[in-house]
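Shown below: input30.tsv, with TSV, C-alpha atoms.
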```tsv
chain	number	residue	atom	x	y	z
A	1	MET	CA	-97.66	31.99	-2.79
A	2	ASN	CA	-99.28	33.72	-5.76
A	3	LEU	CA	-99.24	31.25	-8.70
A	4	ILE	CA	-101.03	33.39	-11.29
A	5	GLY	CA	-98.97	36.53	-10.99
A	6	GLU	CA	-101.64	38.70	-9.35
A	7	LYS	CA	-100.75	41.07	-6.60
A	8	ALA	CA	-101.72	39.78	-3.21
A	9	ALA	CA	-104.22	41.84	-1.27
A	10	PRO	CA	-102.57	43.94	1.39
A	11	THR	CA	-102.94	42.54	4.86
A	12	VAL	CA	-104.38	44.72	7.61
A	13	ALA	CA	-102.61	44.61	10.93
A	14	PRO	CA	-104.83	43.83	13.95
A	15	GLN	CA	-103.96	47.19	15.52
A	16	GLU	CA	-104.99	49.00	12.34
A	17	THR	CA	-108.29	47.10	12.33
A	18	VAL	CA	-108.93	48.19	15.91
A	19	GLU	CA	-108.16	51.80	15.05
A	20	ASN	CA	-110.50	51.71	12.05
A	21	SER	CA	-113.27	50.26	14.21
A	22	ARG	CA	-112.66	52.91	16.85
A	23	ARG	CA	-112.79	55.75	14.33
A	24	SER	CA	-116.01	54.36	12.84
A	25	THR	CA	-117.61	54.27	16.28
A	26	HIS	CA	-116.50	57.83	17.01
A	27	VAL	CA	-117.90	59.21	13.75
A	28	LEU	CA	-121.15	57.24	13.96
A	29	THR	CA	-121.75	58.39	17.53
A	30	ALA	CA	-121.05	62.03	16.67
A	31	VAL	CA	-123.51	61.88	13.76
A	32	LEU	CA	-126.13	59.77	15.53
A	33	PHE	CA	-126.41	61.97	18.63
A	34	PRO	CA	-128.08	64.92	16.83
A	35	ILE	CA	-130.26	62.56	14.76
A	36	VAL	CA	-131.63	60.81	17.85
A	37	VAL	CA	-132.34	64.14	19.55
A	38	ILE	CA	-134.21	65.40	16.48
A	39	LEU	CA	-136.25	62.18	16.20
A	40	THR	CA	-137.09	62.21	19.90
A	41	HIS	CA	-138.20	65.82	20.17
A	42	SER	CA	-139.80	66.35	16.77
A	43	GLU	CA	-142.75	64.18	17.84
A	44	SER	CA	-143.96	66.89	20.22
A	45	VAL	CA	-144.30	69.53	17.50
A	46	VAL	CA	-144.94	67.58	14.28
A	47	GLN	CA	-148.16	65.64	13.77
A	48	VAL	CA	-147.41	62.26	12.20
A	49	PRO	CA	-149.43	59.03	11.92
A	50	PHE	CA	-149.45	56.80	14.98
A	51	LEU	CA	-147.57	53.93	13.35
A	52	LEU	CA	-144.84	56.29	12.18
A	53	THR	CA	-144.61	57.77	15.67
A	54	LEU	CA	-144.30	54.27	17.10
A	55	LEU	CA	-141.59	53.39	14.60
A	56	ILE	CA	-139.65	56.57	15.39
A	57	SER	CA	-139.90	55.84	19.12
A	58	VAL	CA	-138.60	52.30	18.69
A	59	VAL	CA	-135.71	53.42	16.47
A	60	ALA	CA	-134.80	56.23	18.88
A	61	TYR	CA	-134.96	53.85	21.86
A	62	PHE	CA	-132.48	51.37	20.39
A	63	ALA	CA	-130.31	54.14	18.95
A	64	THR	CA	-130.03	55.58	22.47
A	65	MET	CA	-128.60	52.25	23.62
A	66	TYR	CA	-125.87	52.63	21.03
A	67	LEU	CA	-125.27	56.24	22.04
A	68	PHE	CA	-124.56	55.25	25.64
A	69	TYR	CA	-121.92	52.89	24.26
A	70	GLY	CA	-120.52	55.35	21.72
A	71	ILE	CA	-120.39	58.33	24.08
A	72	ALA	CA	-118.61	56.20	26.68
A	73	GLU	CA	-116.02	55.19	24.08
A	74	LEU	CA	-115.50	58.80	23.01
A	75	ALA	CA	-114.93	59.74	26.65
A	76	PHE	CA	-112.66	56.73	27.18
A	77	ASP	CA	-110.51	57.75	24.21
A	78	ARG	CA	-110.58	61.43	25.30
A	79	ARG	CA	-112.15	62.64	22.05
A	80	THR	CA	-113.39	65.71	23.88
A	81	ASN	CA	-113.78	68.03	20.89
A	82	MET	CA	-115.82	65.53	18.89
A	83	LEU	CA	-117.94	64.65	21.93
A	84	TRP	CA	-118.87	68.16	22.95
A	85	GLY	CA	-119.21	69.31	19.35
A	86	SER	CA	-121.76	66.56	18.76
A	87	ALA	CA	-123.58	67.37	22.02
A	88	VAL	CA	-123.81	71.10	21.25
A	89	THR	CA	-124.97	70.36	17.70
A	90	ALA	CA	-127.61	67.98	19.04
A	91	PHE	CA	-128.89	70.56	21.50
A	92	ILE	CA	-129.04	73.38	18.94
A	93	LEU	CA	-130.82	71.26	16.32
A	94	GLY	CA	-133.19	69.90	18.95
A	95	PHE	CA	-133.99	73.44	20.07
A	96	LEU	CA	-134.65	74.55	16.48
A	97	VAL	CA	-137.02	71.61	16.00
A	98	SER	CA	-138.90	71.63	19.31
A	99	GLY	CA	-138.76	75.29	20.33
A	100	LEU	CA	-138.47	77.05	23.67
A	101	ALA	CA	-141.50	75.28	25.15
A	102	ASN	CA	-139.63	71.96	25.16
A	103	ILE	CA	-136.27	73.28	26.34
A	104	TRP	CA	-136.39	71.36	29.65
A	105	PRO	CA	-137.06	67.89	28.15
A	106	LEU	CA	-134.40	68.63	25.54
A	107	LEU	CA	-131.81	69.68	28.12
A	108	THR	CA	-132.44	66.77	30.49
A	109	GLY	CA	-132.66	64.22	27.66
A	110	CYS	CA	-129.32	65.29	26.18
A	111	SER	CA	-127.74	65.44	29.64
A	112	MET	CA	-128.92	61.93	30.49
A	113	MET	CA	-127.12	60.41	27.51
A	114	LEU	CA	-124.09	62.69	27.77
A	115	PHE	CA	-123.38	62.40	31.48
A	116	GLY	CA	-124.23	58.69	31.67
A	117	GLY	CA	-121.81	57.90	28.85
A	118	VAL	CA	-119.06	60.32	29.89
A	119	ILE	CA	-118.99	59.15	33.52
A	120	ALA	CA	-118.81	55.52	32.39
A	121	GLY	CA	-116.07	56.21	29.86
A	122	ARG	CA	-113.84	58.38	32.04
A	123	MET	CA	-114.12	56.19	35.14
A	124	MET	CA	-113.43	53.07	33.09
A	125	ALA	CA	-110.37	54.74	31.58
A	126	ASP	CA	-109.15	55.41	35.12
A	127	GLU	CA	-109.69	51.70	35.90
A	128	LYS	CA	-112.23	52.25	38.66
A	129	PRO	CA	-114.16	49.16	39.87
A	130	ILE	CA	-116.86	48.30	37.36
A	131	GLY	CA	-119.57	48.14	40.00
A	132	ARG	CA	-118.79	51.68	41.11
A	133	VAL	CA	-118.66	52.89	37.50
A	134	TYR	CA	-122.08	51.43	36.76
A	135	LEU	CA	-123.62	52.82	39.94
A	136	LEU	CA	-122.42	56.40	39.42
A	137	ALA	CA	-123.16	56.52	35.70
A	138	GLY	CA	-126.55	54.88	36.28
A	139	PHE	CA	-127.28	57.39	39.06
A	140	ALA	CA	-126.70	60.22	36.58
A	141	VAL	CA	-129.17	58.59	34.19
A	142	VAL	CA	-131.75	58.30	36.99
A	143	VAL	CA	-131.30	61.94	38.05
A	144	PHE	CA	-131.78	63.41	34.57
A	145	PHE	CA	-134.58	61.01	33.63
A	146	THR	CA	-136.42	61.90	36.85
A	147	ALA	CA	-135.94	65.60	36.15
A	148	GLN	CA	-137.46	65.10	32.70
A	149	PHE	CA	-140.45	62.88	33.48
A	150	SER	CA	-141.34	63.35	37.16
A	151	SER	CA	-144.01	65.93	36.28
A	152	LEU	CA	-145.82	63.30	34.17
A	153	TRP	CA	-145.90	60.50	36.73
A	154	GLY	CA	-148.62	62.05	38.89
A	155	PRO	CA	-151.14	62.56	36.05
A	156	VAL	CA	-150.47	59.09	34.64
A	157	MET	CA	-151.00	57.45	38.04
A	158	ALA	CA	-154.15	59.50	38.64
A	159	LYS	CA	-155.53	58.47	35.24
A	160	MET	CA	-154.83	54.79	35.93
A	161	THR	CA	-156.58	55.04	39.30
A	162	GLU	CA	-159.55	56.76	37.65
A	163	ASP	CA	-159.80	54.03	35.00
A	164	LEU	CA	-159.66	51.13	37.48
A	165	PRO	CA	-163.46	50.84	38.07
A	166	THR	CA	-164.07	50.76	34.31
A	167	ILE	CA	-161.45	48.05	33.85
A	168	LEU	CA	-162.93	45.96	36.66
A	169	THR	CA	-166.42	46.30	35.16
A	170	GLU	CA	-165.15	45.06	31.80
A	171	LEU	CA	-163.36	42.16	33.49
A	172	GLU	CA	-166.53	41.24	35.37
A	173	SER	CA	-168.44	41.11	32.09
A	174	LEU	CA	-165.70	38.95	30.60
A	175	TYR	CA	-165.81	36.46	33.47
A	176	SER	CA	-169.61	36.29	33.22
A	177	SER	CA	-169.44	35.58	29.50
A	178	LEU	CA	-166.95	32.78	30.18
A	179	GLY	CA	-169.36	31.15	32.61
A	180	ALA	CA	-167.32	31.70	35.77
A	181	SER	CA	-169.16	31.47	39.08
A	182	ALA	CA	-169.83	34.64	41.05
A	183	GLU	CA	-167.36	33.63	43.76
A	184	THR	CA	-164.60	32.81	41.28
A	185	ALA	CA	-165.19	36.03	39.37
A	186	GLN	CA	-165.10	38.10	42.57
A	187	ASP	CA	-161.84	36.51	43.71
A	188	ALA	CA	-160.30	37.19	40.30
A	189	LEU	CA	-161.53	40.79	40.36
A	190	ASN	CA	-160.11	41.37	43.84
A	191	GLN	CA	-156.77	39.95	42.74
A	192	SER	CA	-156.78	42.07	39.58
A	193	ALA	CA	-157.60	45.21	41.56
A	194	LYS	CA	-154.68	44.59	43.93
A	195	MET	CA	-152.27	43.95	41.07
A	196	PHE	CA	-153.41	47.03	39.14
A	197	THR	CA	-153.13	49.21	42.25
A	198	ALA	CA	-149.61	47.92	42.89
A	199	LEU	CA	-148.72	48.52	39.25
A	200	THR	CA	-150.02	52.08	39.48
A	201	ARG	CA	-147.81	52.81	42.49
A	202	VAL	CA	-144.64	51.74	40.68
A	203	VAL	CA	-145.19	53.63	37.41
A	204	PRO	CA	-142.11	55.80	38.12
A	205	ALA	CA	-139.99	52.69	38.71
A	206	LEU	CA	-141.21	51.06	35.50
A	207	THR	CA	-140.33	54.09	33.41
A	208	LEU	CA	-136.97	54.49	35.16
A	209	LEU	CA	-136.19	50.83	34.50
A	210	GLY	CA	-136.83	51.48	30.81
A	211	ALA	CA	-134.13	54.17	30.81
A	212	LEU	CA	-131.79	52.02	32.91
A	213	LEU	CA	-132.28	49.19	30.43
A	214	GLN	CA	-131.06	51.46	27.63
A	215	PHE	CA	-128.08	52.52	29.69
A	216	SER	CA	-127.30	48.97	30.83
A	217	PHE	CA	-127.17	47.56	27.30
A	218	GLY	CA	-124.93	50.41	26.19
A	219	PHE	CA	-122.72	50.03	29.25
A	220	LEU	CA	-122.38	46.26	28.79
A	221	ALA	CA	-121.51	46.68	25.11
A	222	PHE	CA	-118.89	49.29	26.02
A	223	SER	CA	-117.47	47.12	28.81
A	224	TYR	CA	-117.29	44.08	26.53
A	225	VAL	CA	-115.58	45.94	23.67
A	226	MET	CA	-113.07	47.57	26.01
A	227	GLY	CA	-112.41	44.24	27.69
A	228	ARG	CA	-111.59	42.69	24.31
A	229	ARG	CA	-109.47	45.66	23.31
A	230	TYR	CA	-107.49	45.76	26.56
A	231	PRO	CA	-107.45	42.17	27.89
A	232	GLU	CA	-104.77	43.02	30.44
A	233	ARG	CA	-107.21	45.34	32.25
A	234	ARG	CA	-110.35	44.35	34.14
A	235	LEU	CA	-112.94	46.05	31.96
A	236	TRP	CA	-115.41	43.19	31.45
A	237	ILE	CA	-117.05	40.92	34.02
A	238	PRO	CA	-118.90	37.77	32.89
A	239	PHE	CA	-122.57	37.46	33.85
A	240	SER	CA	-121.85	34.65	36.33
A	241	ASN	CA	-119.79	37.09	38.43
A	242	TRP	CA	-122.28	39.95	38.55
A	243	ARG	CA	-123.32	41.04	42.03
A	244	VAL	CA	-124.87	44.10	43.62
A	245	PRO	CA	-122.18	45.95	45.60
A	246	PHE	CA	-122.55	46.03	49.36
A	247	ALA	CA	-122.63	49.84	49.14
A	248	VAL	CA	-126.24	49.56	47.92
A	249	THR	CA	-127.37	47.88	51.17
A	250	PRO	CA	-127.76	51.18	53.12
A	251	VAL	CA	-130.03	52.47	50.35
A	252	LEU	CA	-132.15	49.34	50.75
A	253	ALA	CA	-132.29	49.76	54.54
A	254	VAL	CA	-133.32	53.42	54.31
A	255	ALA	CA	-136.01	52.58	51.72
A	256	ILE	CA	-137.46	49.86	53.96
A	257	LEU	CA	-137.51	52.14	57.02
A	258	ALA	CA	-139.12	54.93	55.00
A	259	ARG	CA	-141.73	52.47	53.74
A	260	LEU	CA	-142.60	51.43	57.28
A	261	MET	CA	-142.56	54.83	58.99
A	262	GLY	CA	-142.90	57.52	56.34
A	263	SER	CA	-145.84	59.54	55.07
A	264	GLU	CA	-147.86	58.50	52.03
A	265	THR	CA	-145.56	60.40	49.68
A	266	VAL	CA	-142.45	58.94	51.30
A	267	GLN	CA	-143.96	55.46	51.10
A	268	LEU	CA	-144.68	55.96	47.41
A	269	VAL	CA	-141.07	56.95	46.77
A	270	SER	CA	-139.88	53.98	48.83
A	271	ASP	CA	-142.07	51.57	46.88
A	272	ASN	CA	-140.44	52.67	43.64
A	273	VAL	CA	-136.91	52.51	45.04
A	274	LEU	CA	-137.60	49.01	46.37
A	275	ALA	CA	-139.07	47.93	43.03
A	276	ILE	CA	-135.92	49.01	41.18
A	277	LEU	CA	-133.64	47.36	43.74
A	278	ALA	CA	-135.71	44.17	43.55
A	279	VAL	CA	-135.02	43.91	39.83
A	280	TYR	CA	-131.28	44.33	40.32
A	281	TYR	CA	-131.13	41.88	43.22
A	282	SER	CA	-133.07	39.30	41.22
A	283	ILE	CA	-130.60	39.62	38.33
A	284	ALA	CA	-127.74	39.21	40.81
A	285	GLY	CA	-129.45	36.11	42.21
A	286	LEU	CA	-129.75	34.68	38.72
A	287	ALA	CA	-126.06	35.42	38.12
A	288	LEU	CA	-125.19	33.50	41.29
A	289	ILE	CA	-127.16	30.49	40.04
A	290	GLU	CA	-125.34	30.74	36.70
A	291	TYR	CA	-122.04	30.80	38.58
A	292	TYR	CA	-122.79	27.53	40.37
A	293	MET	CA	-124.08	25.95	37.17
A	294	ASN	CA	-120.66	26.77	35.70
A	295	LYS	CA	-118.97	25.26	38.74
A	296	LEU	CA	-120.99	22.07	38.32
A	297	SER	CA	-120.27	22.02	34.56
A	298	LEU	CA	-123.93	21.47	33.72
A	299	SER	CA	-124.68	20.65	30.10
A	300	PRO	CA	-126.20	23.32	27.81
A	301	LEU	CA	-129.42	21.27	27.67
A	302	LEU	CA	-129.86	21.43	31.45
A	303	ARG	CA	-129.17	25.16	31.47
A	304	ILE	CA	-131.66	25.84	28.70
A	305	SER	CA	-134.23	23.70	30.52
A	306	PHE	CA	-133.66	25.68	33.71
A	307	TYR	CA	-134.16	29.05	32.04
A	308	LEU	CA	-137.22	27.77	30.17
A	309	LEU	CA	-138.65	26.65	33.51
A	310	LEU	CA	-138.04	30.12	34.92
A	311	PHE	CA	-139.86	31.66	31.97
A	312	VAL	CA	-142.83	29.27	32.06
A	313	THR	CA	-143.28	29.65	35.82
A	314	GLN	CA	-144.24	33.30	35.35
A	315	PHE	CA	-147.40	32.21	33.50
A	316	TRP	CA	-148.16	29.11	35.52
A	317	SER	CA	-149.18	30.70	38.82
A	318	PHE	CA	-148.94	34.14	40.37
A	319	LEU	CA	-147.84	32.63	43.69
A	320	ALA	CA	-145.21	30.47	41.99
A	321	ALA	CA	-143.85	33.46	40.07
A	322	ALA	CA	-143.78	35.56	43.26
A	323	ALA	CA	-141.99	32.79	45.16
A	324	LEU	CA	-139.42	32.39	42.39
A	325	PHE	CA	-138.84	36.14	42.09
A	326	GLY	CA	-138.55	36.43	45.87
A	327	THR	CA	-135.99	33.62	45.99
A	328	LEU	CA	-133.85	35.31	43.34
A	329	ILE	CA	-134.07	38.61	45.22
A	330	LEU	CA	-133.01	36.93	48.47
A	331	LEU	CA	-130.06	35.21	46.80
A	332	GLY	CA	-128.90	38.46	45.22
A	333	PHE	CA	-129.31	40.36	48.49
A	334	VAL	CA	-127.38	37.84	50.60
A	335	ASP	CA	-124.64	37.61	47.98
A	336	GLY	CA	-124.27	41.39	48.18
A	337	PHE	CA	-122.58	41.08	51.58
A	338	ALA	CA	-121.70	37.37	51.81
A	339	ASP	CA	-119.96	37.35	48.40
A	340	TRP	CA	-119.86	33.59	47.96
A	341	ARG	CA	-117.48	34.02	45.04
A	342	LYS	CA	-114.88	36.13	46.85
A	343	LYS	CA	-112.34	33.31	46.82
A	344	GLU	CA	-112.40	33.26	43.04
A	345	PRO	CA	-109.72	35.55	41.51
A	346	GLN	CA	-111.98	36.76	38.70
A	347	ALA	CA	-114.95	37.64	40.92
A	348	THR	CA	-115.64	41.31	41.45
A	349	GLU	CA	-118.49	43.66	42.22
A	350	ALA	CA	-120.71	44.31	39.25
A	351	VAL	CA	-124.32	45.29	38.92
```

Let me see the structure of the file written as C-alpha cells.
Amino acid sequence: MNLIGEKAAPTVAPQETVENSRRSTHVLTAVLFPIVVILTHSESVVQVPFLLTLLISVVAYFATMYLFYGIAELAFDRRTNMLWGSAVTAFILGFLVSGLANIWPLLTGCSMMLFGGVIAGRMMADEKPIGRVYLLAGFAVVVFFTAQFSSLWGPVMAKMTEDLPTILTELESLYSSLGASAETAQDALNQSAKMFTALTRVVPALTLLGALLQFSFGFLAFSYVMGRRYPERRLWIPFSNWRVPFAVTPVLAVAILARLMGSETVQLVSDNVLAILAVYYSIAGLALIEYYMNKLSLSPLLRISFYLLLFVTQFWSFLAAAALFGTLILLGFVDGFADWRKKEPQATEAV
C-alpha cells in the first residue's frame, strides 16, 4: 500500500530479469572479445614498461576466463550472428595491431577461445553429458594452445637446462652461508637438481594447465548459470560429484606404456600427458573425499581444518606432499571406473 500518494516502482518479472542478464552477457562478450585480442597481441609489437605489460597480461588472463563463459552462452542461445561478428572483428583488429608476422598466434589464440566456448555451449544446449562436454571442449583448447605455443617449449626447456648449473652454484653458496654441513648441502642440491629437472620436463604441461584453468573457470561459471536458469535440466554438477570419466582411462594406459617403452621424445610427451592427468585425478580424489564428508555431515570447522591440513602439508615435507598427492590421484583414478557414487541419483560423470 502506498500511503503518501507516490507511484510505486514497477516490478520486474523474474523472466524479464533473466533476459536482461542474458542480453548484458551477450553484449559484454561481443565487445570484450576484440578488446582481449588487442591487449594480448599488442604486447608483441608495442614496447611498454614491464609493470604495464604484467598488468595487461593479468587483465587479459582473467578476461579470457569470462570469454569462455560468455562465448559458451552465446552458442547456447544460438546468437550466431553476434558470435561470429565479434570473432571476425577480433581477428581483423588483432591483425591490424600485430601484423602478418603474428598471424599464427592470432589465429590459434582466437580459435582456442571460440571453439572451446562454442563446443561447450552447443553440446550443453543439446543436453550432452557434462563430462563429455568438458572433455571435448577442453580438447579443443589443448589442440589450439599446443599449436600456438609448441614452438616455444623446446627453447624454454633448453634454457632451463642450461641455467641449472648456475642455479645449483648459487644454492650451494646459500647453504654455505647458512652454515649447513657439506653432506646436508649436497643432499639438498641433489634433491633440488632432481626437482628442477622434473619441472623442466613438464613445462608444456604447466603451460597447458594454465590455459585449461582459464577454460575450466569459464566452463564452471557457464554450467552454474545455466543450471540456475534451467533447473529442470542437468547442467550443473556439485563439486562433491565430480569424477574423471572412465573414457579417459585408455589415454592413461597408452601414456604409461609410451613412457615405459617409447623413445626419448615419446617419453617426454608421455610425462606431460601424465602430469596433466595427475592433476585431474587428484581433483577427482578430493571431490570424492568431499562427497563422503557430506555423507558424514561433518561440521564446517572440521572441513576447514581438513583443507588447511592439506595446504600446510605441501610445505611440511616433500615426501608428505608427494604421499598426499599420490593418495588423491589413486582415489580419483579408482573412482573413475569403480564410481562409488553410482547409486546416488544426482551423481554423474564430470571432470

Under the rule that only C-alpha atoms are counted, which of A:Gly94, A:Leu319, A:Val202, A:Asn241 is the nearest residue to Ser270 (chain A)?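 Once distances to Ser270 (chain A) are computed over only C-alpha atoms, the minimum belongs to A:Val202.
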
Between region 137-162 of chain A and region 100-109 of chain A, at 7 Å or less, what are the per-residue closest atom pairs and their distances in Å? Count all atoms listed in the file, order by chain and rising residue number, and return it as CSV.
```
residue,atom,partner,partner_atom,distance
A:Phe144,CA,A:Thr108,CA,5.3
A:Phe145,CA,A:Thr108,CA,6.9
A:Ala147,CA,A:Thr108,CA,6.8
A:Gln148,CA,A:Pro105,CA,5.4
```

Check your understanding: For His41 (chain A), which of A:Phe91, A:Trp236, A:Tyr292, A:Phe196 is the closest residue, counting all atoms listed in the file?
Key ->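 Closest to His41 (chain A) of all the choices is A:Phe91.
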
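Non-sequential neighbours of Phe333 (chain A) (distance at most 9 Å, separation of 5 or more positions within a chain, only C-alpha atoms) are Arg243, Val244, Phe246, Thr249, Ala278, Tyr281, Ser282, Ala284, Gly285, Leu328 and Ala338 of chain A.
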
Nearest to Val203 (chain A), restricted to only C-alpha atoms and choosing among A:Met124, A:Ala72, A:Ile167, A:Ala275, comes out as A:Ala275

Which residue of A:Thr184, A:Thr25, A:Ser57, A:Ser177 approaches Arg79 (chain A) most closely, using all atoms listed in the file:
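Nearest candidate to Arg79 (chain A) out of A:Thr184, A:Thr25, A:Ser57, A:Ser177: A:Thr25.
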
Judged by all atoms listed in the file, the minimum distance to Leu310 (chain A) among A:Leu54, A:Leu324, A:Ala30, A:Ala140 is found for A:Leu324

- Separation of CA of Trp340 (chain A) and CA of Met293 (chain A), in Å?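 Computing the Euclidean distance for CA of Trp340 (chain A) and CA of Met293 (chain A) yields 13.9 Å.
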
query = Counting all atoms listed in the file, what is within 12 Å of Leu93 (chain A), bar same-chain residues fewer than 6 positions away, as a ChimeraX atom specification?
reply = /A:33-42,86-87,99,103,106-107,110

Using all atoms listed in the file, the residue out of A:Leu213, A:Leu208, A:Met195, A:Val248 with shortest distance to Leu135 (chain A) is A:Val248
